[in-house]
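What follows is the content of query.pdb, which has PDB, C-alpha atoms and all ligand atoms:
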```pdb
ATOM      1  CA  MET C  16     -90.620   9.644  15.162
ATOM      2  CA  SER C  17     -87.698   8.499  13.084
ATOM      3  CA  ILE C  18     -84.095   8.874  14.093
ATOM      4  CA  LEU C  19     -81.978  11.276  12.095
ATOM      5  CA  LEU C  20     -78.627  11.214  13.845
ATOM      6  CA  GLU C  21     -77.153   8.350  15.780
ATOM      7  CA  LEU C  22     -73.822   8.017  17.561
ATOM      8  CA  LYS C  23     -72.681   4.544  18.597
ATOM      9  CA  ASN C  24     -69.742   4.210  20.983
ATOM     10  CA  VAL C  25     -67.990   7.191  19.457
ATOM     11  CA  THR C  26     -64.520   7.840  20.837
ATOM     12  CA  LYS C  27     -61.929  10.435  19.845
ATOM     13  CA  LYS C  28     -58.313  10.287  20.895
ATOM     14  CA  ILE C  29     -55.907  13.101  20.136
ATOM     15  CA  ASN C  30     -52.226  12.427  20.872
ATOM     16  CA  ASN C  31     -53.304   9.310  22.733
ATOM     17  CA  LYS C  32     -55.494  11.348  25.073
ATOM     18  CA  ILE C  33     -59.182  10.427  25.161
ATOM     19  CA  ILE C  34     -61.130  13.588  24.347
ATOM     20  CA  VAL C  35     -64.516  12.009  23.618
ATOM     21  CA  ASP C  36     -65.242   8.799  25.460
ATOM     22  CA  ASN C  37     -67.661   6.216  24.077
ATOM     23  CA  LEU C  38     -70.651   8.453  23.291
ATOM     24  CA  THR C  39     -73.926   6.772  22.358
ATOM     25  CA  PHE C  40     -77.105   8.724  21.691
ATOM     26  CA  SER C  41     -79.654   9.395  18.976
ATOM     27  CA  ILE C  42     -81.690  12.374  17.852
ATOM     28  CA  LYS C  43     -85.121  12.288  16.231
ATOM     29  CA  LYS C  44     -86.431  14.404  13.380
ATOM     30  CA  GLY C  45     -88.049  17.614  14.551
ATOM     31  CA  GLU C  46     -86.114  17.537  17.802
ATOM     32  CA  ILE C  47     -83.977  20.309  19.286
ATOM     33  CA  PHE C  48     -81.137  18.589  21.062
ATOM     34  CA  GLY C  49     -78.968  20.433  23.582
ATOM     35  CA  PHE C  50     -75.425  19.354  24.100
ATOM     36  CA  ILE C  51     -74.447  20.817  27.471
ATOM     37  CA  GLY C  52     -71.176  20.727  29.323
ATOM     38  CA  PRO C  53     -68.387  22.884  30.736
ATOM     39  CA  ASN C  54     -65.608  24.256  28.542
ATOM     40  CA  GLY C  55     -63.316  21.463  27.451
ATOM     41  CA  ALA C  56     -66.021  18.797  27.889
ATOM     42  CA  GLY C  57     -65.677  17.624  24.293
ATOM     43  CA  LYS C  58     -68.705  19.270  22.659
ATOM     44  CA  THR C  59     -66.891  20.876  19.734
ATOM     45  CA  THR C  60     -64.810  17.741  19.156
ATOM     46  CA  THR C  61     -67.993  15.649  18.941
ATOM     47  CA  ILE C  62     -69.619  18.156  16.607
ATOM     48  CA  LYS C  63     -66.528  18.180  14.392
ATOM     49  CA  MET C  64     -66.706  14.394  14.075
ATOM     50  CA  ILE C  65     -70.396  14.605  13.117
ATOM     51  CA  CYS C  66     -69.553  17.247  10.504
ATOM     52  CA  GLY C  67     -66.685  15.203   9.077
ATOM     53  CA  LEU C  68     -64.088  17.777  10.167
ATOM     54  CA  TYR C  69     -62.389  15.280  12.519
ATOM     55  CA  SER C  70     -61.825  11.581  11.971
ATOM     56  CA  ILE C  71     -63.489   9.170  14.395
ATOM     57  CA  THR C  72     -61.023   7.096  16.451
ATOM     58  CA  SER C  73     -63.575   4.355  17.102
ATOM     59  CA  GLY C  74     -67.343   3.901  16.945
ATOM     60  CA  ASP C  75     -69.807   4.960  14.266
ATOM     61  CA  ILE C  76     -71.949   7.930  13.377
ATOM     62  CA  TYR C  77     -75.097   7.481  11.273
ATOM     63  CA  ILE C  78     -77.186  10.107   9.539
ATOM     64  CA  ASN C  79     -80.461   8.808   8.118
ATOM     65  CA  ASN C  80     -79.237   5.298   8.987
ATOM     66  CA  LYS C  81     -76.155   5.684   6.824
ATOM     67  CA  ASN C  82     -72.653   5.480   8.216
ATOM     68  CA  ILE C  83     -71.083   8.884   7.589
ATOM     69  CA  SER C  84     -67.602   7.432   7.132
ATOM     70  CA  LYS C  85     -68.868   5.248   4.281
ATOM     71  CA  ASN C  86     -71.235   7.816   2.720
ATOM     72  CA  ARG C  87     -69.261  10.963   3.286
ATOM     73  CA  GLU C  88     -70.562  13.242   0.542
ATOM     74  CA  GLU C  89     -74.192  12.295   0.994
ATOM     75  CA  SER C  90     -74.000  12.638   4.779
ATOM     76  CA  LEU C  91     -72.328  16.006   4.644
ATOM     77  CA  GLY C  92     -75.057  17.178   2.268
ATOM     78  CA  CYS C  93     -77.576  16.500   5.038
ATOM     79  CA  ILE C  94     -75.790  18.786   7.501
ATOM     80  CA  GLY C  95     -75.781  22.534   7.889
ATOM     81  CA  ALA C  96     -73.441  23.688  10.628
ATOM     82  CA  ILE C  97     -71.900  26.675  12.295
ATOM     83  CA  VAL C  98     -68.901  25.351  14.160
ATOM     84  CA  GLU C  99     -66.633  28.317  14.447
ATOM     85  CA  ASN C 100     -67.788  31.868  13.686
ATOM     86  CA  PRO C 101     -69.564  31.839  10.340
ATOM     87  CA  GLU C 102     -67.610  33.416   7.492
ATOM     88  CA  MET C 103     -69.114  36.722   6.419
ATOM     89  CA  TYR C 104     -68.146  39.676   4.310
ATOM     90  CA  LYS C 105     -69.122  42.542   6.534
ATOM     91  CA  TYR C 106     -68.936  45.216   3.802
ATOM     92  CA  LEU C 107     -71.474  43.297   1.727
ATOM     93  CA  SER C 108     -75.180  42.970   2.415
ATOM     94  CA  GLY C 109     -76.659  39.908   4.059
ATOM     95  CA  LYS C 110     -78.233  39.010   0.739
ATOM     96  CA  ASP C 111     -74.912  39.197  -1.134
ATOM     97  CA  ASN C 112     -73.323  37.009   1.532
ATOM     98  CA  LEU C 113     -76.033  34.417   0.935
ATOM     99  CA  LYS C 114     -75.494  34.637  -2.837
ATOM    100  CA  ILE C 115     -71.798  33.888  -2.365
ATOM    101  CA  ILE C 116     -72.568  30.766  -0.335
ATOM    102  CA  ALA C 117     -75.312  29.785  -2.822
ATOM    103  CA  ARG C 118     -72.738  29.782  -5.629
ATOM    104  CA  MET C 119     -70.816  27.009  -3.838
ATOM    105  CA  TYR C 120     -73.765  24.725  -4.522
ATOM    106  CA  ASN C 121     -75.230  24.269  -7.963
ATOM    107  CA  ASN C 122     -78.923  24.065  -7.191
ATOM    108  CA  ILE C 123     -79.759  27.091  -5.069
ATOM    109  CA  ASN C 124     -81.924  29.684  -6.753
ATOM    110  CA  GLU C 125     -83.116  33.136  -5.730
ATOM    111  CA  ASN C 126     -86.329  31.652  -4.328
ATOM    112  CA  ARG C 127     -84.448  29.499  -1.865
ATOM    113  CA  ILE C 128     -82.383  32.489  -0.779
ATOM    114  CA  ASN C 129     -85.554  34.467  -0.080
ATOM    115  CA  GLU C 130     -87.004  31.471   1.714
ATOM    116  CA  VAL C 131     -84.120  31.165   4.182
ATOM    117  CA  VAL C 132     -84.150  34.933   4.768
ATOM    118  CA  LYS C 133     -87.780  34.580   5.797
ATOM    119  CA  LEU C 134     -87.053  31.544   7.957
ATOM    120  CA  VAL C 135     -84.562  33.510  10.049
ATOM    121  CA  LYS C 136     -86.694  36.681   9.936
ATOM    122  CA  LEU C 137     -84.127  38.934   8.317
ATOM    123  CA  GLU C 138     -86.400  40.266   5.542
ATOM    124  CA  ASN C 139     -86.220  43.865   6.748
ATOM    125  CA  ARG C 140     -82.455  44.044   6.998
ATOM    126  CA  ILE C 141     -81.195  41.621   4.384
ATOM    127  CA  ASN C 142     -80.094  44.378   1.956
ATOM    128  CA  ASP C 143     -78.133  46.241   4.635
ATOM    129  CA  LYS C 144     -74.422  45.717   5.073
ATOM    130  CA  VAL C 145     -73.510  43.002   7.555
ATOM    131  CA  LYS C 146     -71.305  45.453   9.491
ATOM    132  CA  THR C 147     -74.513  47.180  10.624
ATOM    133  CA  TYR C 148     -75.963  43.947  12.038
ATOM    134  CA  SER C 149     -76.227  43.111  15.724
ATOM    135  CA  LEU C 150     -74.523  39.927  16.897
ATOM    136  CA  GLY C 151     -77.922  38.220  16.992
ATOM    137  CA  MET C 152     -78.637  39.197  13.392
ATOM    138  CA  LYS C 153     -75.221  37.919  12.297
ATOM    139  CA  GLN C 154     -75.964  34.701  14.096
ATOM    140  CA  ARG C 155     -79.268  34.384  12.230
ATOM    141  CA  LEU C 156     -77.563  35.172   8.915
ATOM    142  CA  GLY C 157     -75.157  32.341   9.785
ATOM    143  CA  VAL C 158     -78.151  30.051  10.330
ATOM    144  CA  ALA C 159     -79.546  31.174   6.959
ATOM    145  CA  GLN C 160     -76.208  30.300   5.291
ATOM    146  CA  ALA C 161     -76.228  26.894   6.917
ATOM    147  CA  LEU C 162     -79.810  26.262   5.757
ATOM    148  CA  LEU C 163     -79.395  27.174   2.085
ATOM    149  CA  HIS C 164     -78.817  23.633   0.811
ATOM    150  CA  LYS C 165     -81.843  22.277   2.735
ATOM    151  CA  PRO C 166     -80.042  20.163   5.308
ATOM    152  CA  ASN C 167     -81.935  17.709   7.571
ATOM    153  CA  LEU C 168     -79.665  18.454  10.470
ATOM    154  CA  LEU C 169     -78.657  21.912  11.683
ATOM    155  CA  ILE C 170     -75.736  22.040  14.106
ATOM    156  CA  LEU C 171     -74.860  25.190  16.024
ATOM    157  CA  ASP C 172     -71.853  25.181  18.305
ATOM    158  CA  GLU C 173     -72.392  27.597  21.224
ATOM    159  CA  PRO C 174     -74.831  29.797  19.283
ATOM    160  CA  THR C 175     -75.824  31.887  22.297
ATOM    161  CA  ASN C 176     -72.272  32.971  23.133
ATOM    162  CA  GLY C 177     -72.270  36.735  23.424
ATOM    163  CA  LEU C 178     -75.968  37.138  22.605
ATOM    164  CA  ASP C 179     -78.127  39.374  24.767
ATOM    165  CA  PRO C 180     -81.436  38.006  26.138
ATOM    166  CA  MET C 181     -83.365  39.447  23.180
ATOM    167  CA  GLY C 182     -80.971  37.809  20.724
ATOM    168  CA  ILE C 183     -81.337  34.495  22.541
ATOM    169  CA  LYS C 184     -85.121  34.792  22.433
ATOM    170  CA  ASP C 185     -85.065  35.482  18.674
ATOM    171  CA  LEU C 186     -82.723  32.565  18.065
ATOM    172  CA  ARG C 187     -84.891  30.303  20.168
ATOM    173  CA  GLU C 188     -87.990  31.223  18.176
ATOM    174  CA  THR C 189     -86.151  30.736  14.900
ATOM    175  CA  LEU C 190     -84.924  27.282  15.909
ATOM    176  CA  ARG C 191     -88.310  26.187  17.238
ATOM    177  CA  ASN C 192     -89.935  27.339  14.031
ATOM    178  CA  LEU C 193     -87.380  25.423  11.951
ATOM    179  CA  ALA C 194     -87.744  22.238  13.969
ATOM    180  CA  ASN C 195     -91.537  22.346  13.764
ATOM    181  CA  ASN C 196     -92.079  23.532  10.213
ATOM    182  CA  GLU C 197     -89.057  22.276   8.302
ATOM    183  CA  ASN C 198     -88.909  18.951  10.157
ATOM    184  CA  LEU C 199     -85.318  19.819  10.810
ATOM    185  CA  CYS C 200     -83.350  18.302  13.596
ATOM    186  CA  VAL C 201     -81.291  20.858  15.499
ATOM    187  CA  VAL C 202     -78.239  20.265  17.673
ATOM    188  CA  VAL C 203     -77.093  23.196  19.813
ATOM    189  CA  SER C 204     -74.222  23.127  22.235
ATOM    190  CA  SER C 205     -73.743  25.356  25.237
ATOM    191  CA  HIS C 206     -72.069  25.579  28.611
ATOM    192  CA  LEU C 207     -75.155  27.287  30.071
ATOM    193  CA  LEU C 208     -78.199  25.263  31.058
ATOM    194  CA  SER C 209     -80.355  28.322  31.699
ATOM    195  CA  GLU C 210     -80.295  29.173  27.990
ATOM    196  CA  MET C 211     -80.637  25.622  26.754
ATOM    197  CA  GLU C 212     -83.595  24.939  29.018
ATOM    198  CA  LEU C 213     -85.650  27.414  27.050
ATOM    199  CA  MET C 214     -84.535  26.126  23.703
ATOM    200  CA  CYS C 215     -84.251  22.326  23.719
ATOM    201  CA  ASP C 216     -86.479  19.263  23.915
ATOM    202  CA  THR C 217     -83.717  16.914  24.973
ATOM    203  CA  PHE C 218     -80.446  17.505  26.789
ATOM    204  CA  CYS C 219     -77.270  15.531  26.787
ATOM    205  CA  ILE C 220     -74.932  16.527  29.593
ATOM    206  CA  ILE C 221     -71.312  15.848  28.816
ATOM    207  CA  ASN C 222     -68.248  16.243  31.011
ATOM    208  CA  ASN C 223     -64.676  15.083  30.440
ATOM    209  CA  GLY C 224     -65.752  13.538  27.147
ATOM    210  CA  LYS C 225     -68.355  11.310  28.818
ATOM    211  CA  ILE C 226     -72.138  11.446  28.823
ATOM    212  CA  MET C 227     -73.329  12.192  32.340
ATOM    213  CA  ASP C 228     -77.021  12.083  31.546
ATOM    214  CA  ILE C 229     -79.617  12.414  28.807
ATOM    215  CA  ARG C 230     -82.966  13.913  29.713
ATOM    216  CA  THR C 231     -86.023  15.280  28.029
ATOM    217  CA  LEU C 232     -87.490  18.586  29.090
ATOM    218  CA  GLU C 233     -90.780  16.855  29.812
ATOM    219  CA  ASN C 234     -89.353  14.450  32.348
ATOM    220  CA  ILE C 235     -87.323  17.241  33.942
ATOM    221  CA  LYS C 236     -90.454  19.312  34.482
ATOM    222  CA  ASN C 237     -92.382  16.359  35.870
ATOM    223  CA  LYS C 238     -89.613  15.378  38.224
ATOM    224  CA  VAL C 239     -88.992  18.902  39.475
ATOM    225  CA  ASN C 240     -92.658  19.128  40.452
ATOM    226  CA  SER C 241     -92.615  15.772  42.139
ATOM    227  CA  LYS C 242     -91.800  14.808  45.692
ATOM    228  CA  ILE C 243     -88.543  15.454  47.478
ATOM    229  CA  LYS C 244     -87.377  13.525  50.528
ATOM    230  CA  PHE C 245     -86.619  15.588  53.642
ATOM    231  CA  SER C 246     -85.223  14.504  56.984
ATOM    232  CA  PHE C 247     -86.273  16.293  60.222
ATOM    233  CA  LYS C 248     -84.434  16.105  63.520
ATOM    234  CA  VAL C 249     -86.919  16.909  66.333
ATOM    235  CA  ASP C 250     -87.118  16.235  70.090
ATOM    236  CA  ASN C 251     -90.485  14.477  70.022
ATOM    237  CA  LEU C 252     -90.651  12.173  67.030
ATOM    238  CA  ASP C 253     -93.967  10.463  67.778
ATOM    239  CA  LYS C 254     -95.822  13.665  68.526
ATOM    240  CA  ALA C 255     -94.426  15.336  65.418
ATOM    241  CA  LYS C 256     -95.467  12.401  63.247
ATOM    242  CA  GLU C 257     -98.955  12.400  64.723
ATOM    243  CA  VAL C 258     -99.480  16.146  64.287
ATOM    244  CA  ILE C 259     -98.287  16.092  60.691
ATOM    245  CA  GLN C 260    -100.398  13.069  59.777
ATOM    246  CA  GLU C 261    -103.466  14.660  61.347
ATOM    247  CA  ASN C 262    -103.071  17.838  59.333
ATOM    248  CA  ILE C 263    -101.735  16.713  55.977
ATOM    249  CA  LYS C 264    -103.717  13.964  54.307
ATOM    250  CA  ASN C 265    -101.854  10.966  52.909
ATOM    251  CA  ILE C 266     -98.433  12.403  53.647
ATOM    252  CA  ASP C 267     -95.596   9.956  53.211
ATOM    253  CA  ILE C 268     -93.892   9.955  56.630
ATOM    254  CA  VAL C 269     -91.781   7.419  58.572
ATOM    255  CA  ILE C 270     -89.468   7.444  61.579
ATOM    256  CA  ASP C 271     -86.042   6.187  60.707
ATOM    257  CA  ASN C 272     -82.813   6.377  62.700
ATOM    258  CA  ASN C 273     -84.316   8.889  65.159
ATOM    259  CA  LYS C 274     -85.392  11.182  62.350
ATOM    260  CA  LEU C 275     -88.647  11.913  60.589
ATOM    261  CA  ILE C 276     -88.350  11.128  56.917
ATOM    262  CA  ILE C 277     -90.968  12.945  54.874
ATOM    263  CA  SER C 278     -91.515  12.824  51.115
ATOM    264  CA  CYS C 279     -93.469  15.795  49.889
ATOM    265  CA  GLU C 280     -93.597  18.549  47.304
ATOM    266  CA  LYS C 281     -91.474  21.585  48.085
ATOM    267  CA  HIS C 282     -94.439  23.794  48.961
ATOM    268  CA  ILE C 283     -95.627  21.311  51.621
ATOM    269  CA  LEU C 284     -92.349  21.746  53.479
ATOM    270  CA  SER C 285     -93.312  25.118  54.952
ATOM    271  CA  ILE C 286     -96.615  23.688  56.220
ATOM    272  CA  VAL C 287     -94.736  20.855  57.931
ATOM    273  CA  ASN C 288     -92.364  23.387  59.493
ATOM    274  CA  LYS C 289     -95.205  25.462  60.902
ATOM    275  CA  LEU C 290     -96.947  22.406  62.326
ATOM    276  CA  ILE C 291     -93.798  21.366  64.156
ATOM    277  CA  ILE C 292     -93.120  24.826  65.590
ATOM    278  CA  ASN C 293     -96.743  25.599  66.484
ATOM    279  CA  ASN C 294     -96.997  22.372  68.459
ATOM    280  CA  ASP C 295     -94.008  23.240  70.651
ATOM    281  CA  ILE C 296     -91.814  20.572  69.164
ATOM    282  CA  ASN C 297     -88.162  21.565  68.997
ATOM    283  CA  LEU C 298     -86.725  21.402  65.516
ATOM    284  CA  PHE C 299     -82.946  20.946  65.310
ATOM    285  CA  GLU C 300     -82.246  20.157  61.696
ATOM    286  CA  ILE C 301     -83.876  19.776  58.286
ATOM    287  CA  SER C 302     -81.978  18.267  55.402
ATOM    288  CA  THR C 303     -82.811  17.304  51.849
ATOM    289  CA  LEU C 304     -82.185  13.664  51.087
ATOM    290  CA  SER C 305     -82.875  13.696  47.382
ATOM    291  CA  ASN C 306     -81.726  16.337  44.953
ATOM    292  CA  THR C 307     -84.180  17.745  42.504
ATOM    293  CA  LEU C 308     -83.078  17.487  38.919
ATOM    294  CA  GLU C 309     -82.941  21.244  38.860
ATOM    295  CA  ASP C 310     -80.385  21.149  41.676
ATOM    296  CA  GLU C 311     -78.317  18.566  39.854
ATOM    297  CA  PHE C 312     -78.311  20.708  36.754
ATOM    298  CA  LEU C 313     -77.258  23.749  38.729
ATOM    299  CA  GLU C 314     -74.374  21.830  40.224
ATOM    300  CA  ILE C 315     -73.107  20.878  36.809
ATOM    301  CA  THR C 316     -73.536  24.299  35.273
ATOM    302  CA  GLU C 317     -72.122  26.087  38.303
ATOM    303  CA  SER C 318     -69.018  23.939  38.293
ATOM    304  CA  SER C 319     -68.697  24.656  34.587
ATOM    305  CA  ASN C 320     -68.992  28.382  35.199
ATOM    306  CA  LYS C 321     -66.267  28.153  37.821
ATOM    307  CA  GLN C 322     -63.961  26.481  35.350
ATOM    308  CA  ILE C 323     -64.502  29.268  32.868
ATOM    309  CA  ARG C 324     -63.644  32.046  35.295
TER     310      ARG C 324
HETATM  311  N1  LIG M 401     -56.814  19.430  18.065
HETATM  312  C1  LIG M 401     -56.666  19.220  19.381
HETATM  313  N2  LIG M 401     -55.471  18.861  19.905
HETATM  314  C2  LIG M 401     -55.321  18.638  21.234
HETATM  315  N3  LIG M 401     -56.319  18.732  22.125
HETATM  316  C3  LIG M 401     -57.531  19.091  21.669
HETATM  317  C4  LIG M 401     -57.777  19.359  20.274
HETATM  318  N4  LIG M 401     -59.083  19.667  20.139
HETATM  319  C5  LIG M 401     -59.617  19.629  21.372
HETATM  320  N5  LIG M 401     -58.706  19.279  22.288
HETATM  321  C6  LIG M 401     -58.925  19.118  23.737
HETATM  322  O1  LIG M 401     -60.087  18.328  23.896
HETATM  323  C7  LIG M 401     -60.846  18.772  25.007
HETATM  324  C8  LIG M 401     -62.257  19.026  24.563
HETATM  325  O2  LIG M 401     -62.283  20.164  23.732
HETATM  326  P1  LIG M 401     -63.593  20.692  23.027
HETATM  327  O3  LIG M 401     -64.211  19.585  22.268
HETATM  328  O4  LIG M 401     -63.230  21.917  22.283
HETATM  329  O5  LIG M 401     -64.513  21.041  24.274
HETATM  330  P2  LIG M 401     -65.808  21.971  24.376
HETATM  331  O6  LIG M 401     -66.243  22.309  22.995
HETATM  332  O7  LIG M 401     -66.796  21.156  25.130
HETATM  333  O8  LIG M 401     -65.411  23.179  25.154
HETATM  334  C9  LIG M 401     -60.142  19.987  25.571
HETATM  335  O9  LIG M 401     -59.391  19.581  26.677
HETATM  336  C10 LIG M 401     -59.244  20.428  24.429
HETATM  337  O10 LIG M 401     -58.086  21.034  24.926
HETATM  338 MG    MG M 402     -66.528  24.169  22.143
END
```
Rewrite the structure from the file as structure tokens, please.
Amino acid sequence: MSILLELKNVTKKINNKIIVDNLTFSIKKGEIFGFIGPNGAGKTTTIKMICGLYSITSGDIYINNKNISKNREESLGCIGAIVENPEMYKYLSGKDNLKIIARMYNNINENRINEVVKLVKLENRINDKVKTYSLGMKQRLGVAQALLHKPNLLILDEPTNGLDPMGIKDLRETLRNLANNENLCVVVSSHLLSEMELMCDTFCIINNGKIMDIRTLENIKNKVNSKIKFSFKVDNLDKAKEVIQENIKNIDIVIDNNKLIISCEKHILSIVNKLIINNDINLFEISTLSNTLEDEFLEITESSNKQIR
């Protein structure tokens, strides 16, 4: 798949303070890319640089292989974004709001307006006043506004903020539909992994302006299901090893530093425990030696939640 957006060593300094630190990543067409990190991590600042709202201190951003600083107008034409709350006239209908935005461009006809309304599934309510909309519907009207000029890249900064689970589900379906059927590349930012997990193909975890990790949902799922290393402190190491090996075929088990080191899937752990206890071996301690990716994610998101409180 071809790359739509690419950041190369992008850094942003404000008042000599590094806010975004040497970010490098790329996003493919049809991909939903989650930008995750605690408040103050630098997500909005990065998004503003991509959207041309902030200058870039150093590094380069490319859209469709073109440097956005050198092809400003063209690049901005490829982007539809909701960075702060989308502007809306709440005493007008959703449709009239779209017409107002459409007038800012010179090539958007009624057909395109109806098309975006369909894309965000607002057909039934589009002639109602925006003040009667739920937050989720307003959010989807915002997405419709951002899509009017047929961008290749849709950027939504913290789109799930304040949405209830139903609203998040609707948004997720809308985005997935757009990525699949419109070949659109979507960037969403959030401080909550739990929401992003259900929405994105790839995650970039950012903290203090730096990339901590980039992962795809596929490799997260594979790794979470894979083996974890546990250490067991028991009073009879040899007997324990023998009993476990007899009962669990091909288990990966060694004695190291007076402990049993076992690599197994999580669900095997309880079987190992039972074997040890049932064979009158005293068990003093079990500890996990390797974190699952899920655990690592939780650590990051939990620390971010703490910062918010
Ligand atoms: N215009 C600005 N002037 C000074 N500091 C800023 C400005 N914009 C952002 N920052 C700082 O940069 C850091 C990252 O902010 P931001 O990109 O909004 O993070 P996020 O969107 O991940 O919550 C924060 O510490 C914020 O205070
Ligand atoms: Mg932000």
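This file, filtered with the PyMOL selection byres (((not hetatm)) within 8 of (chain M and resi 402)), gives the residues Asn54, Gly55, Ala56, Gly57, Lys58, Thr59, Thr60, Asp172, Glu173, Ser204 and Ser205 of chain C.
Against the coordinates shown, the PyMOL selection byres (((chain C and resi 89) around 12) and not hetatm) returns Cys66, Gly67, Tyr77, Ile78, Asn79, Asn80, Lys81, Asn82, Ile83, Ser84, Lys85, Asn86, Arg87, Glu88, Ser90, Leu91, Gly92, Cys93, Ile94, Pro166 and Asn167 of chain C.
Comparing the minimum interatomic distances between ligand LIG 401 (chain M) and each of C:Lys136, C:Lys153, C:Lys256, C:His206, counting all atoms listed in the file, we find that C:His206 sits nearest.
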Quick one: 8 Å padding each side, axis-aligned, all listed atoms of ligand LIG 401 (chain M) - centre and edge lengths in Å to one decimal, as AutoDock Vina command-line options?
```
--center_x -61.1 --center_y 20.8 --center_z 22.4 --size_x 27.5 --size_y 20.9 --size_z 24.6
```
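Atom O6 of ligand LIG 401 (chain M) is positioned 13.0 Å from CA of Lys27 in chain C.
If all atoms listed in the file are the atoms counted, then among C:Ile183, C:Ile141, C:Ser17, C:Asn223 the closest residue to ligand LIG 401 (chain M) is C:Asn223.
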query = Mind telling me what the PyMOL selection byres (((chain C and resi 276-291) around 10) and not hetatm) catches here, as an NGL selection string?
reply = :C and (239-249 or 251 or 254-256 or 258-260 or 262-263 or 266-275 or 292-298 or 301-305 or 307)
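From CA of Val35 in chain C back to atom C5 of ligand LIG 401 (chain M), the distance works out to 9.3 Å.
Closest to Leu193 in chain C among C:Ile65, C:Lys144, C:Pro53, C:Lys165 is C:Lys165, based on all atoms listed in the file.
Here atom N5 of ligand LIG 401 (chain M) and CA of Asn30 in chain C stand 9.5 Å from one another.
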Nearby residues (all atoms listed in the file) at most 10 Å from Ser73 in chain C, same-chain spacing under 2 positions excluded, as a tab-separated table (two decimals) with C-alpha atoms, in the frame of the given file:
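Saved to around02.tsv:
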```
chain	number	residue	atom	x	y	z
C	23	LYS	CA	-72.68	4.54	18.60
C	24	ASN	CA	-69.74	4.21	20.98
C	25	VAL	CA	-67.99	7.19	19.46
C	26	THR	CA	-64.52	7.84	20.84
C	27	LYS	CA	-61.93	10.44	19.84
C	28	LYS	CA	-58.31	10.29	20.90
C	36	ASP	CA	-65.24	8.80	25.46
C	37	ASN	CA	-67.66	6.22	24.08
C	70	SER	CA	-61.82	11.58	11.97
C	71	ILE	CA	-63.49	9.17	14.40
C	75	ASP	CA	-69.81	4.96	14.27
C	76	ILE	CA	-71.95	7.93	13.38
```
When you look at Ala117 in chain C with a cut-off of 8 Å (counting all atoms listed in the file), what residues show up, excluding the ones that are within fewer than 3 positions of it in the same chain? I need them as a PDB file with C-alpha atoms, in the frame of the given file.
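Result saved to result-v9.pdb:
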```pdb
ATOM      1  CA  LEU C 113     -76.033  34.417   0.935  1.00  0.00           C
ATOM      2  CA  LYS C 114     -75.494  34.637  -2.837  1.00  0.00           C
ATOM      3  CA  TYR C 120     -73.765  24.725  -4.522  1.00  0.00           C
ATOM      4  CA  ASN C 121     -75.230  24.269  -7.963  1.00  0.00           C
ATOM      5  CA  ILE C 123     -79.759  27.091  -5.069  1.00  0.00           C
ATOM      6  CA  ASN C 124     -81.924  29.684  -6.753  1.00  0.00           C
ATOM      7  CA  ILE C 128     -82.383  32.489  -0.779  1.00  0.00           C
ATOM      8  CA  LEU C 163     -79.395  27.174   2.085  1.00  0.00           C
ATOM      9  CA  HIS C 164     -78.817  23.633   0.811  1.00  0.00           C
TER      10      HIS C 164
END
```
ask   = Restricting the calculation to all atoms listed in the file, which member of C:Ile18, C:Leu169, C:Ile226, C:Leu162 is positioned closest to ligand LIG 401 (chain M)?
value = C:Ile226
task = Find the residues around Thr175 in chain C up to 12 Å (all atoms listed in the file counted), leave out those fewer than 6 positions away in its own chain, and share them as number ranges by chain.
result = C: 49, 97, 100, 150-155, 181-187, 203-211, 213-214
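Comparing C:Leu20, C:Leu252, C:Leu199, C:Ile51 by their smallest distance to ligand LIG 401 (chain M), the closest is C:Ile51 (using only C-alpha atoms and all ligand atoms).
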inquiry  = Would you pick out the contacts of Leu232 in chain C at 9 Å or less, using all atoms listed in the file, so that residues sharing its chain but fewer than 5 positions from it are not included, and give the list as an MDAnalysis selection string?
reply    = chainID C and resid 212 215:218 237
Starting from the incomplete input, reconstruct N, CA and C atoms of range 148-155 of chain C and write that as a PDB file, in the coordinates of the input.
```pdb
ATOM      1  N   TYR C 148     -75.127  44.939  11.339  1.00  0.00           N
ATOM      2  CA  TYR C 148     -75.963  43.947  12.038  1.00  0.00           C
ATOM      3  C   TYR C 148     -75.559  43.806  13.508  1.00  0.00           C
ATOM      4  N   SER C 149     -76.539  43.493  14.343  1.00  0.00           N
ATOM      5  CA  SER C 149     -76.227  43.111  15.724  1.00  0.00           C
ATOM      6  C   SER C 149     -75.669  41.690  15.692  1.00  0.00           C
ATOM      7  N   LEU C 150     -75.078  41.287  16.818  1.00  0.00           N
ATOM      8  CA  LEU C 150     -74.523  39.927  16.897  1.00  0.00           C
ATOM      9  C   LEU C 150     -75.612  38.884  16.626  1.00  0.00           C
ATOM     10  N   GLY C 151     -76.807  39.150  17.175  1.00  0.00           N
ATOM     11  CA  GLY C 151     -77.922  38.220  16.992  1.00  0.00           C
ATOM     12  C   GLY C 151     -78.318  38.105  15.527  1.00  0.00           C
ATOM     13  N   MET C 152     -78.287  39.226  14.818  1.00  0.00           N
ATOM     14  CA  MET C 152     -78.637  39.197  13.392  1.00  0.00           C
ATOM     15  C   MET C 152     -77.565  38.450  12.599  1.00  0.00           C
ATOM     16  N   LYS C 153     -76.305  38.662  12.975  1.00  0.00           N
ATOM     17  CA  LYS C 153     -75.221  37.919  12.297  1.00  0.00           C
ATOM     18  C   LYS C 153     -75.393  36.421  12.526  1.00  0.00           C
ATOM     19  N   GLN C 154     -75.751  36.101  13.754  1.00  0.00           N
ATOM     20  CA  GLN C 154     -75.964  34.701  14.096  1.00  0.00           C
ATOM     21  C   GLN C 154     -77.080  34.111  13.214  1.00  0.00           C
ATOM     22  N   ARG C 155     -78.154  34.882  13.034  1.00  0.00           N
ATOM     23  CA  ARG C 155     -79.268  34.384  12.230  1.00  0.00           C
ATOM     24  C   ARG C 155     -78.903  34.320  10.751  1.00  0.00           C
TER      25      ARG C 155
END
```
